[in-house]
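Worksheet: one structure, shown below.
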Amino acid sequence: MAAETALAAPSSELRVDLLPSDPLLHIFSFLDYRDLIHCSFVCRRLNELSKHNLLWKRLCCKHWLFTDAERLHGGTSWYCLFQQYYKDLGRYIQYYGSLKKAWEELKSFLQQRCPRIIASLKDGATEQELNNMEAQIGCKLPDDYRCSYRIHNGQKLVIPGLMGSMSLSNHYRSEVLLDVETAAGGFQQRRGMRRCLPLTFCFHTGLSQYLALEPEEGRQQFESFYPCPDQTAQDPAAIDMFITGSCFLDWFTTYVHNVVTGEYPIIRDQIFRYVHEKGCVATTGDITVSVSTSFLPELSSVHPPHFFFTYRIRIEMSSSASPDAACQLDSRYWKITTSDGNVEEVQGPGVVGEFPVMTPGKIHEYASCTTFSTPSEFMEGYYTFHRLANKQEVFQVAIPRFHMVCPPFREPNLRMHKSPPTAKPPNHNHSDNDDDFFDGDDGNDDDTNGDVRGINMAAFEGAWCPRRI
């Protein structure tokens with residue numbers, strides 16, 4: 001009898017498909033598009049609920065960055081809109097949102113400040129054009145690179161370049177973001193640069209940043225870098241690398257962030273890749289001094305160690321200062337400390353041949369440069385001024401400490417024979433393995449990516465480094 005009663009009792013089992021629609025839709029709102037599609041195969045009711053418009057609105061906004069206005073203009077449902085874009089761009093869904101956002105932020109920022117750069121951008125490449133490029137170079141392109149080029153196919157070969165400029169005395173650099181056709185034409189197969197695709201190009205210096213499409217010759221796959229020939233090697237295929245990004249997504253979005261946040265200043269309608277340290281500002285009385293720095297890979301080398309930096313200094317007198325505070329800069333003093341602890345002091349008249357007069361509200365900016373045999377160092381010092389109203393009143397204005405650090409650099413896996421020992425500066429801090437030669441085919445997987453170095457590189461004392469400080 002008890003068994004019959006149990007059989008007759010209504011089932012207390014909870015079935016998801018029997019839940020009311022509102023809690024089900026709330027649960028579905030936490031699912032990604034793959035999970036919603038899987039739910040649509042369970043039963044007819046879940047199939048209908050999984051296509052609810054608001055669920056796909058969230059996913060369209062998340063993955064394709066669509067707005068209500070764009071959806072209404074298309075005259076279709078959010079579900080259908082997601083389907084349309086997925087058919088075309090589905091392979092890039094993990095990258096598209098980040099890259100599309102970066103492009104939109106960059107264009108919005110530059111539209112008011114550098115409209116010439118915006119006008120030089122090309123429309124996105126087609127999937128077929130990217131497939132043709134892969135067939136031409138014989139290598140697969142990373143999906144983040146392809147995704148970005150579906151949005152914009154680089155820019156026209158014009159100046160200024162999208163990827164930053166630098167101007168110093170008679171030296172000028174402006175890097176253009178190459179389109180796929182030009183990049184494919186510059187694809188490298190020579191020793192030392194095998195399977196490297198150019199990302200940028202500068203007309204004035206011939207400088208390019210490259211993307212390593214394969215883990216060859218000490219490079220990690222998909223990292224971006226500036227090539228730097230080893231000038232101490234007998235073989236021209238020995239090329240060191242200044243690393244600029246771990247992958248295309250990292251390289252591009254980091255650059256965009258630095259532009260739109262003002263980290264890189266806009267000077268004469270161009271993006272200048274100066275970096276300003278937060279807190280690198282010093283105020284003495286009515287005068288404030290701030291400093292930004294930049295590393296120039298095209299004028300630097302790892303072998304021999306020669307690291308070239310430029311710095312831009314801004315001197316500003318407060319607009320609220322008294323007219324009697326007007327003064328003139330007489331001289332400069334620098335204390336320079338390298339990463340191996342060596343200290344050098346330099347004094348000289350004026351700044352780059354000038355003796356600026358500072359009056360209330362006036363700003364004076366100048367750029368100079370220096371080279372070091374270590375990959376990092378810092379400088380600090382002071383300017384000496386005198387009052388215009390009383391030349392006997394002499395005072396010092398502090399220059400804040402600022403650091404100059406080159407990007408991480410990588411040596412090729414196979415180091416070629418070097419020049420005779422007399423041609424290289426002495427190394428007083430070398431390790432026992434500094435002069436080892438490594439064969440890339442030794443079968444050791446741990447050695448396939450070369451040697452990444454940076455601030456802790458052993459210093460080369462006694463190296464000759466011309467300076468203009």
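By convention in this document, the chains of the structure tokens carry letters A, B, ... by their order, each chain's residues are numbered from 1, and ligands are numbered from 1 in the order they are shown.
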
Exercise. Which of stretch 302-416 of chain A counts as strand (DSSP E) under DSSP, as a VMD selection string please?
Worked result: chain A and resid 307 to 317 327 to 338 343 to 349 357 to 358 363 to 372 376 to 387 394 to 405 409 to 411

Exercise. When you draw a straight line from atom CA of A:Leu81 to atom CA of A:Phe41, how long is it in Å?
Worked result: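 Here the two named atoms are 20.3 Å from each other.
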
For this session: Write out as a PyMOL selection string each polymer residue whose atoms come within 7 Å of stretch 278-284 of chain A, counting only C-alpha atoms; drop sequence neighbours fewer than 6 positions from it.
Result: chain A and resi 290-291+397-402

Exercise. Which value, in Å to one decimal, gives the distance between atom CA of A:Val405 and atom CA of A:Phe307?
Worked result: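 Atom CA of A:Phe307 lies at a distance of 9.0 Å from atom CA of A:Val405.
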
Exercise. Got a sec: who's within 7 Å of A:Thr338, counting only C-alpha atoms, leaving out chain neighbours fewer than 3 positions off, as number ranges by chain?
Worked result: A: 341-343, 374, 376-378

Store the residues of this selection in a file with N, CA, C and O atoms, as a PDB file, in the first residue's frame.
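As written to disk, out_7.pdb reads:
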ATOM      1  N   GLY A 341      75.970  51.954 -11.222  1.00  0.00           N
ATOM      2  CA  GLY A 341      76.341  52.765 -10.080  1.00  0.00           C
ATOM      3  C   GLY A 341      77.336  53.867 -10.348  1.00  0.00           C
ATOM      4  O   GLY A 341      77.655  54.648  -9.450  1.00  0.00           O
ATOM      5  N   ASN A 342      77.826  53.962 -11.579  1.00  0.00           N
ATOM      6  CA  ASN A 342      78.765  55.038 -11.904  1.00  0.00           C
ATOM      7  C   ASN A 342      78.046  56.388 -11.891  1.00  0.00           C
ATOM      8  O   ASN A 342      76.916  56.509 -12.380  1.00  0.00           O
ATOM      9  N   VAL A 343      78.705  57.400 -11.356  1.00  0.00           N
ATOM     10  CA  VAL A 343      78.127  58.739 -11.267  1.00  0.00           C
ATOM     11  C   VAL A 343      79.023  59.724 -12.027  1.00  0.00           C
ATOM     12  O   VAL A 343      80.251  59.682 -11.897  1.00  0.00           O
ATOM     13  N   THR A 374      75.014  51.626 -20.700  1.00  0.00           N
ATOM     14  CA  THR A 374      74.147  50.749 -19.917  1.00  0.00           C
ATOM     15  C   THR A 374      72.704  51.012 -20.337  1.00  0.00           C
ATOM     16  O   THR A 374      72.378  52.116 -20.754  1.00  0.00           O
ATOM     17  N   SER A 376      69.993  51.426 -18.710  1.00  0.00           N
ATOM     18  CA  SER A 376      69.147  52.283 -17.884  1.00  0.00           C
ATOM     19  C   SER A 376      70.019  53.203 -17.049  1.00  0.00           C
ATOM     20  O   SER A 376      71.158  52.872 -16.705  1.00  0.00           O
ATOM     21  N   GLU A 377      69.497  54.368 -16.736  1.00  0.00           N
ATOM     22  CA  GLU A 377      70.191  55.356 -15.933  1.00  0.00           C
ATOM     23  C   GLU A 377      69.190  56.415 -15.512  1.00  0.00           C
ATOM     24  O   GLU A 377      68.053  56.440 -16.001  1.00  0.00           O
ATOM     25  N   PHE A 378      69.603  57.279 -14.598  1.00  0.00           N
ATOM     26  CA  PHE A 378      68.738  58.405 -14.265  1.00  0.00           C
ATOM     27  C   PHE A 378      69.580  59.663 -14.152  1.00  0.00           C
ATOM     28  O   PHE A 378      70.793  59.613 -13.904  1.00  0.00           O
TER      29      PHE A 378
END

Contact residues around A:Gln84 with only C-alpha atoms at 12 Å, ignoring same-chain residues under 5 positions, as a PDB file with N, CA, C and O atoms, in the first residue's frame:
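Contents of the output file part.pdb:
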ATOM      1  N   CYS A  60      25.815  41.386 -28.340  1.00  0.00           N
ATOM      2  CA  CYS A  60      26.215  42.252 -29.459  1.00  0.00           C
ATOM      3  C   CYS A  60      27.031  43.442 -28.951  1.00  0.00           C
ATOM      4  O   CYS A  60      28.015  43.848 -29.579  1.00  0.00           O
ATOM      5  N   TRP A  64      30.623  42.883 -30.359  1.00  0.00           N
ATOM      6  CA  TRP A  64      30.689  43.669 -31.596  1.00  0.00           C
ATOM      7  C   TRP A  64      30.569  45.170 -31.355  1.00  0.00           C
ATOM      8  O   TRP A  64      30.611  45.953 -32.292  1.00  0.00           O
ATOM      9  N   ARG A  71      21.646  49.185 -34.448  1.00  0.00           N
ATOM     10  CA  ARG A  71      20.734  48.066 -34.653  1.00  0.00           C
ATOM     11  C   ARG A  71      19.459  48.515 -35.344  1.00  0.00           C
ATOM     12  O   ARG A  71      18.972  47.870 -36.278  1.00  0.00           O
ATOM     13  N   GLY A  74      19.917  49.049 -38.951  1.00  0.00           N
ATOM     14  CA  GLY A  74      19.946  47.810 -39.715  1.00  0.00           C
ATOM     15  C   GLY A  74      18.585  47.155 -39.845  1.00  0.00           C
ATOM     16  O   GLY A  74      18.374  46.329 -40.733  1.00  0.00           O
ATOM     17  N   THR A  76      16.989  44.948 -37.924  1.00  0.00           N
ATOM     18  CA  THR A  76      16.922  43.519 -37.646  1.00  0.00           C
ATOM     19  C   THR A  76      17.006  43.297 -36.142  1.00  0.00           C
ATOM     20  O   THR A  76      17.321  44.215 -35.383  1.00  0.00           O
ATOM     21  N   SER A  77      16.741  42.074 -35.707  1.00  0.00           N
ATOM     22  CA  SER A  77      16.787  41.775 -34.280  1.00  0.00           C
ATOM     23  C   SER A  77      18.240  41.646 -33.824  1.00  0.00           C
ATOM     24  O   SER A  77      19.162  41.438 -34.630  1.00  0.00           O
ATOM     25  N   TRP A  78      18.444  41.723 -32.503  1.00  0.00           N
ATOM     26  CA  TRP A  78      19.783  41.563 -31.963  1.00  0.00           C
ATOM     27  C   TRP A  78      20.304  40.154 -32.251  1.00  0.00           C
ATOM     28  O   TRP A  78      21.504  39.971 -32.532  1.00  0.00           O
ATOM     29  N   TYR A  79      19.429  39.181 -32.174  1.00  0.00           N
ATOM     30  CA  TYR A  79      19.839  37.794 -32.444  1.00  0.00           C
ATOM     31  C   TYR A  79      20.336  37.645 -33.885  1.00  0.00           C
ATOM     32  O   TYR A  79      21.404  37.069 -34.133  1.00  0.00           O
ATOM     33  N   LEU A  89      32.879  37.527 -38.870  1.00  0.00           N
ATOM     34  CA  LEU A  89      34.008  37.820 -37.990  1.00  0.00           C
ATOM     35  C   LEU A  89      34.125  36.863 -36.811  1.00  0.00           C
ATOM     36  O   LEU A  89      34.864  37.134 -35.862  1.00  0.00           O
ATOM     37  N   GLY A  90      33.406  35.752 -36.859  1.00  0.00           N
ATOM     38  CA  GLY A  90      33.361  34.848 -35.717  1.00  0.00           C
ATOM     39  C   GLY A  90      34.722  34.346 -35.267  1.00  0.00           C
ATOM     40  O   GLY A  90      34.956  34.159 -34.071  1.00  0.00           O
TER      41      GLY A  90
END

Exercise. With only C-alpha atoms as the atoms that count, which of A:Cys406, A:Leu329, A:Val176, A:Leu157 lies nearest to A:Arg387?
Worked result: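 Looking only at the distances to A:Arg387, the closest residue turns out to be A:Leu329.
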
Exercise. Between atom CA of A:Phe242 and atom CA of A:Pro265, what is the distance, to one decimal in Å?
Worked result: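 So the two atoms, atom CA of A:Phe242 and atom CA of A:Pro265, lie 22.6 Å apart.
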
Problem set entry | DSSP helix (DSSP H, G or I) selection over stretch 51-136 of chain A, as an MDAnalysis selection string | chainID A and resid 53:63 68:74 78:113 115:119 127:136

Problem set entry | Non-local contacts of A:Ser294 (7 Å; only C-alpha atoms; under 6 positions in same chain excluded) as an NGL selection string | :A and (273-275 or 309-311)

For this session: Show which residues sit within 12 Å of stretch 330-336 of chain A, as a PyMOL selection string. Count only C-alpha atoms, and ignore same-chain residues fewer than 4 positions away.
Result: chain A and resi 340-358+370-372+376-388+391+394-404+467-469

For this session: Can you work out which one of A:Gly138, A:Pro323, A:Gly361, A:Pro408 has the shortest atom-to-atom distance to A:Phe187, counting only C-alpha atoms?
Result: A:Gly138
